[in-house]
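So this block is model-v4.pdb, PDB, C-alpha atoms, pLDDT in the B column:
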```pdb
MODEL        1
ATOM      1  CA  MET A   1       0.738  20.692  -3.923  1.00 54.00           C
ATOM      2  CA  ALA A   2       3.574  22.837  -5.101  1.00 53.00           C
ATOM      3  CA  ARG A   3       6.897  24.106  -3.853  1.00 64.00           C
ATOM      4  CA  ARG A   4       5.096  26.584  -1.579  1.00 65.00           C
ATOM      5  CA  ASP A   5       3.822  23.547   0.380  1.00 72.00           C
ATOM      6  CA  LEU A   6       7.299  22.427   1.415  1.00 87.00           C
ATOM      7  CA  SER A   7       7.745  22.180   5.176  1.00 92.00           C
ATOM      8  CA  GLY A   8      11.532  22.165   5.083  1.00 94.00           C
ATOM      9  CA  ALA A   9      11.725  18.542   6.226  1.00 96.00           C
ATOM     10  CA  VAL A  10      13.760  17.703   3.127  1.00 97.00           C
ATOM     11  CA  ASP A  11      16.739  19.722   1.921  1.00 95.00           C
ATOM     12  CA  PHE A  12      16.349  19.088  -1.774  1.00 95.00           C
ATOM     13  CA  SER A  13      19.680  20.767  -2.531  1.00 93.00           C
ATOM     14  CA  VAL A  14      21.292  17.556  -1.214  1.00 94.00           C
ATOM     15  CA  LEU A  15      19.384  15.531  -3.794  1.00 93.00           C
ATOM     16  CA  GLU A  16      19.973  18.069  -6.557  1.00 93.00           C
ATOM     17  CA  ARG A  17      23.742  17.941  -5.953  1.00 94.00           C
ATOM     18  CA  MET A  18      23.651  14.154  -6.047  1.00 93.00           C
ATOM     19  CA  THR A  19      21.670  14.067  -9.300  1.00 94.00           C
ATOM     20  CA  GLY A  20      23.512  16.954 -10.922  1.00 95.00           C
ATOM     21  CA  GLY A  21      20.236  18.840 -11.183  1.00 92.00           C
ATOM     22  CA  ASP A  22      18.842  16.336 -13.690  1.00 94.00           C
ATOM     23  CA  ASP A  23      15.074  16.400 -13.144  1.00 93.00           C
ATOM     24  CA  ALA A  24      14.558  12.906 -14.568  1.00 93.00           C
ATOM     25  CA  ILE A  25      17.093  11.363 -12.204  1.00 96.00           C
ATOM     26  CA  THR A  26      15.732  13.421  -9.309  1.00 96.00           C
ATOM     27  CA  GLU A  27      12.236  12.122 -10.049  1.00 96.00           C
ATOM     28  CA  GLU A  28      13.539   8.564 -10.224  1.00 96.00           C
ATOM     29  CA  VAL A  29      15.278   8.871  -6.837  1.00 97.00           C
ATOM     30  CA  LEU A  30      12.170  10.408  -5.249  1.00 97.00           C
ATOM     31  CA  ASP A  31      10.053   7.615  -6.703  1.00 97.00           C
ATOM     32  CA  LEU A  32      12.416   5.057  -5.164  1.00 96.00           C
ATOM     33  CA  PHE A  33      12.229   6.870  -1.819  1.00 97.00           C
ATOM     34  CA  THR A  34       8.438   6.790  -1.954  1.00 97.00           C
ATOM     35  CA  GLN A  35       8.468   3.084  -2.794  1.00 96.00           C
ATOM     36  CA  GLN A  36      10.901   2.349   0.049  1.00 95.00           C
ATOM     37  CA  ALA A  37       8.675   4.269   2.461  1.00 97.00           C
ATOM     38  CA  ALA A  38       5.600   2.339   1.368  1.00 97.00           C
ATOM     39  CA  MET A  39       7.410  -0.983   1.647  1.00 96.00           C
ATOM     40  CA  TRP A  40       9.098  -0.459   5.003  1.00 97.00           C
ATOM     41  CA  SER A  41       6.734   1.794   6.968  1.00 96.00           C
ATOM     42  CA  PRO A  42       4.307  -1.042   7.848  1.00 96.00           C
ATOM     43  CA  LEU A  43       7.196  -2.661   9.755  1.00 97.00           C
ATOM     44  CA  LEU A  44       7.720   0.345  12.071  1.00 97.00           C
ATOM     45  CA  ASP A  45       6.312  -1.534  15.036  1.00 96.00           C
ATOM     46  CA  VAL A  46       8.320  -3.451  17.643  1.00 96.00           C
ATOM     47  CA  ARG A  47       5.856  -6.323  17.341  1.00 96.00           C
ATOM     48  CA  ASP A  48       7.336  -6.918  13.898  1.00 94.00           C
ATOM     49  CA  ASP A  49      10.725  -8.644  13.882  1.00 94.00           C
ATOM     50  CA  GLY A  50      11.852  -6.463  10.971  1.00 95.00           C
ATOM     51  CA  TRP A  51      11.385  -3.084  12.679  1.00 97.00           C
ATOM     52  CA  ARG A  52      15.110  -2.404  13.040  1.00 97.00           C
ATOM     53  CA  ASP A  53      15.778  -3.310   9.392  1.00 97.00           C
ATOM     54  CA  ALA A  54      12.940  -1.008   8.353  1.00 97.00           C
ATOM     55  CA  VAL A  55      14.348   1.891  10.346  1.00 98.00           C
ATOM     56  CA  HIS A  56      17.836   1.274   8.959  1.00 97.00           C
ATOM     57  CA  THR A  57      16.598   1.222   5.366  1.00 97.00           C
ATOM     58  CA  ILE A  58      14.463   4.328   5.779  1.00 98.00           C
ATOM     59  CA  ARG A  59      17.409   6.075   7.442  1.00 97.00           C
ATOM     60  CA  GLY A  60      19.630   5.487   4.423  1.00 97.00           C
ATOM     61  CA  ALA A  61      16.940   6.535   1.978  1.00 96.00           C
ATOM     62  CA  ALA A  62      16.227   9.681   4.006  1.00 97.00           C
ATOM     63  CA  ALA A  63      19.876  10.679   4.148  1.00 96.00           C
ATOM     64  CA  GLY A  64      20.126  10.258   0.381  1.00 94.00           C
ATOM     65  CA  ILE A  65      17.452  12.842  -0.328  1.00 96.00           C
ATOM     66  CA  GLY A  66      18.324  15.324   2.418  1.00 96.00           C
ATOM     67  CA  ALA A  67      15.639  14.374   4.951  1.00 98.00           C
ATOM     68  CA  ASP A  68      17.917  14.917   7.939  1.00 97.00           C
ATOM     69  CA  THR A  69      15.199  15.060  10.607  1.00 97.00           C
ATOM     70  CA  LEU A  70      13.855  11.720   9.417  1.00 98.00           C
ATOM     71  CA  ALA A  71      17.344  10.208   9.237  1.00 98.00           C
ATOM     72  CA  SER A  72      18.063  11.418  12.767  1.00 98.00           C
ATOM     73  CA  ALA A  73      14.786   9.994  14.086  1.00 98.00           C
ATOM     74  CA  CYS A  74      15.669   6.689  12.438  1.00 98.00           C
ATOM     75  CA  GLN A  75      19.142   6.706  13.974  1.00 98.00           C
ATOM     76  CA  SER A  76      17.670   7.157  17.463  1.00 98.00           C
ATOM     77  CA  ALA A  77      15.111   4.407  16.943  1.00 98.00           C
ATOM     78  CA  GLU A  78      17.657   2.040  15.450  1.00 97.00           C
ATOM     79  CA  ALA A  79      19.896   2.414  18.517  1.00 97.00           C
ATOM     80  CA  ALA A  80      17.041   1.791  20.955  1.00 97.00           C
ATOM     81  CA  ASP A  81      16.145  -1.493  22.538  1.00 96.00           C
ATOM     82  CA  LYS A  82      12.749  -3.027  21.973  1.00 95.00           C
ATOM     83  CA  ALA A  83      11.344  -1.686  25.248  1.00 97.00           C
ATOM     84  CA  THR A  84      12.202   1.955  24.548  1.00 97.00           C
ATOM     85  CA  ALA A  85      11.680   1.926  20.780  1.00 98.00           C
ATOM     86  CA  PRO A  86       7.886   2.464  20.459  1.00 98.00           C
ATOM     87  CA  PRO A  87       7.804   6.252  20.997  1.00 98.00           C
ATOM     88  CA  LEU A  88      10.915   6.607  18.849  1.00 98.00           C
ATOM     89  CA  LEU A  89       9.235   4.639  16.076  1.00 98.00           C
ATOM     90  CA  GLY A  90       6.289   7.003  16.428  1.00 98.00           C
ATOM     91  CA  ARG A  91       8.675   9.902  15.774  1.00 98.00           C
ATOM     92  CA  VAL A  92      10.004   8.076  12.726  1.00 98.00           C
ATOM     93  CA  THR A  93       6.468   7.609  11.420  1.00 98.00           C
ATOM     94  CA  ASP A  94       5.650  11.287  11.974  1.00 98.00           C
ATOM     95  CA  ALA A  95       8.875  12.479  10.346  1.00 98.00           C
ATOM     96  CA  LEU A  96       8.307  10.109   7.432  1.00 98.00           C
ATOM     97  CA  GLU A  97       4.821  11.499   6.807  1.00 98.00           C
ATOM     98  CA  ILE A  98       6.147  15.056   6.796  1.00 97.00           C
ATOM     99  CA  ALA A  99       9.028  14.135   4.489  1.00 98.00           C
ATOM    100  CA  LEU A 100       6.638  12.354   2.130  1.00 97.00           C
ATOM    101  CA  GLY A 101       4.520  15.511   2.001  1.00 96.00           C
ATOM    102  CA  ASP A 102       7.578  17.509   0.966  1.00 96.00           C
ATOM    103  CA  VAL A 103       8.486  14.866  -1.600  1.00 97.00           C
ATOM    104  CA  ALA A 104       4.973  15.006  -3.065  1.00 95.00           C
ATOM    105  CA  ALA A 105       5.119  18.805  -3.306  1.00 94.00           C
ATOM    106  CA  TYR A 106       8.555  18.732  -4.891  1.00 94.00           C
ATOM    107  CA  ARG A 107       7.554  16.024  -7.375  1.00 94.00           C
ATOM    108  CA  HIS A 108       4.540  18.132  -8.306  1.00 92.00           C
ATOM    109  CA  GLU A 109       6.882  21.046  -8.967  1.00 91.00           C
ATOM    110  CA  LEU A 110       9.060  18.801 -11.161  1.00 91.00           C
ATOM    111  CA  MET A 111       5.989  17.679 -13.089  1.00 91.00           C
ATOM    112  CA  LEU A 112       4.880  21.271 -13.666  1.00 89.00           C
ATOM    113  CA  ARG A 113       8.385  22.215 -14.792  1.00 85.00           C
ATOM    114  CA  SER A 114       8.407  19.343 -17.299  1.00 84.00           C
ATOM    115  CA  LEU A 115       5.087  20.529 -18.744  1.00 87.00           C
ATOM    116  CA  LYS A 116       6.500  23.982 -19.314  1.00 81.00           C
ATOM    117  CA  GLY A 117       9.256  22.427 -21.383  1.00 66.00           C
TER     118      GLY A 117
ENDMDL
END
```

Target encoding structure tokens, full file:
Amino acid sequence: MARRDLSGAVDFSVLERMTGGDDAITEEVLDLFTQQAAMWSPLLDVRDDGWRDAVHTIRGAAAGIGADTLASACQSAEAADKATAPPLLGRVTDALEIALGDVAAYRHELMLRSLKG
């Protein structure tokens, strides 16, 4: 993966402004996002009592890196009741997968840039 594989699901300029363009800090934030996604995504199911907490946490992490579509999907799911949440949680899961693909491509680009010195 490389920058050419970005879908546009994440506006990395948001993250770059937050980190001051420091690649090491950017990588650290993206690593934390990836960890948060891995930790909370299994709870994106209304049968799990923690589904709303998971959506809330992913929403904040998404907003922090510029994943606005994911953050918006999370906001909709978080506001839903348990009966109407399942399809919204499906949208969160889909948006999360796409955002994680962009994050992987961007991290690959950072790694290549670090190798070039």

Inset, instruction - Find the residue from A:Gln75, A:Gly21, A:Arg47, A:Leu112 that sits nearest to Gly60 of chain A; use only C-alpha atoms when measuring. - result: A:Gln75

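Nearest to Ala38 of chain A of all the residues A:Ala54, A:Arg59, A:Ala80, A:Ile25 is A:Ala54, counting only C-alpha atoms.
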
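Residues within 8 Å of Phe33 of chain A, counting all atoms listed in the file and excluding same-chain residues fewer than 4 positions away, are Val29, Ala37, Ala61 and Ala62 of chain A.
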
Legend entry - Residues within 10 Å of Arg107 of chain A, all atoms listed in the file, excluding chain neighbours under 3 positions, as a list in words: Met1, Ala2, Arg3, Asp23, Thr26, Glu27, Glu28, Leu30, Asp31, Gly101, Asp102, Val103, Ala104, Leu110, Met111, Leu112 and Arg113 of chain A

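Minimum atom-to-atom distance to Asp94 of chain A, evaluated using all atoms listed in the file, belongs to A:Cys74 out of A:Leu15, A:Ala24, A:Cys74, A:Leu6.
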
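Residues matched by the PyMOL selection byres ((chain A and resi 89) around 10) in this file: Ser41, Leu43, Leu44, Asp45, Val46, Trp51, Arg52, Val55, Ala73, Cys74, Ser76, Ala77, Glu78, Ala80, Thr84, Ala85, Pro86, Pro87, Leu88, Gly90, Arg91, Val92, Thr93, Asp94 and Ala95 of chain A.
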
Inset, instruction - Considering all atoms listed in the file, return as a count of residues only whatever protein or nucleic-acid residues lie within 9 Å of Ala67 of chain A, sequence-local ones (same chain, fewer than 3 positions apart) excluded. - result: 17

Set up a box along x, y and z of the file covering all listed atoms of segment 46-50 of chain A, add 4 Å on every one of the six sides, and write the centre and edge lengths in Å to one decimal, as AutoDock Vina command-line options.
```
--center_x 8.9 --center_y -6.0 --center_z 14.3 --size_x 14.0 --size_y 13.2 --size_z 14.7
```

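The coordinates place atom CA of Ala105 of chain A at 6.1 Å from atom CA of Asp5 of chain A.
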
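For the pair atom CA of Leu100 of chain A and atom CA of Gly20 of chain A, the separation is 21.8 Å.
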
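Straight-line separation from atom CA of Ser13 of chain A to atom CA of Met39 of chain A: 25.3 Å.
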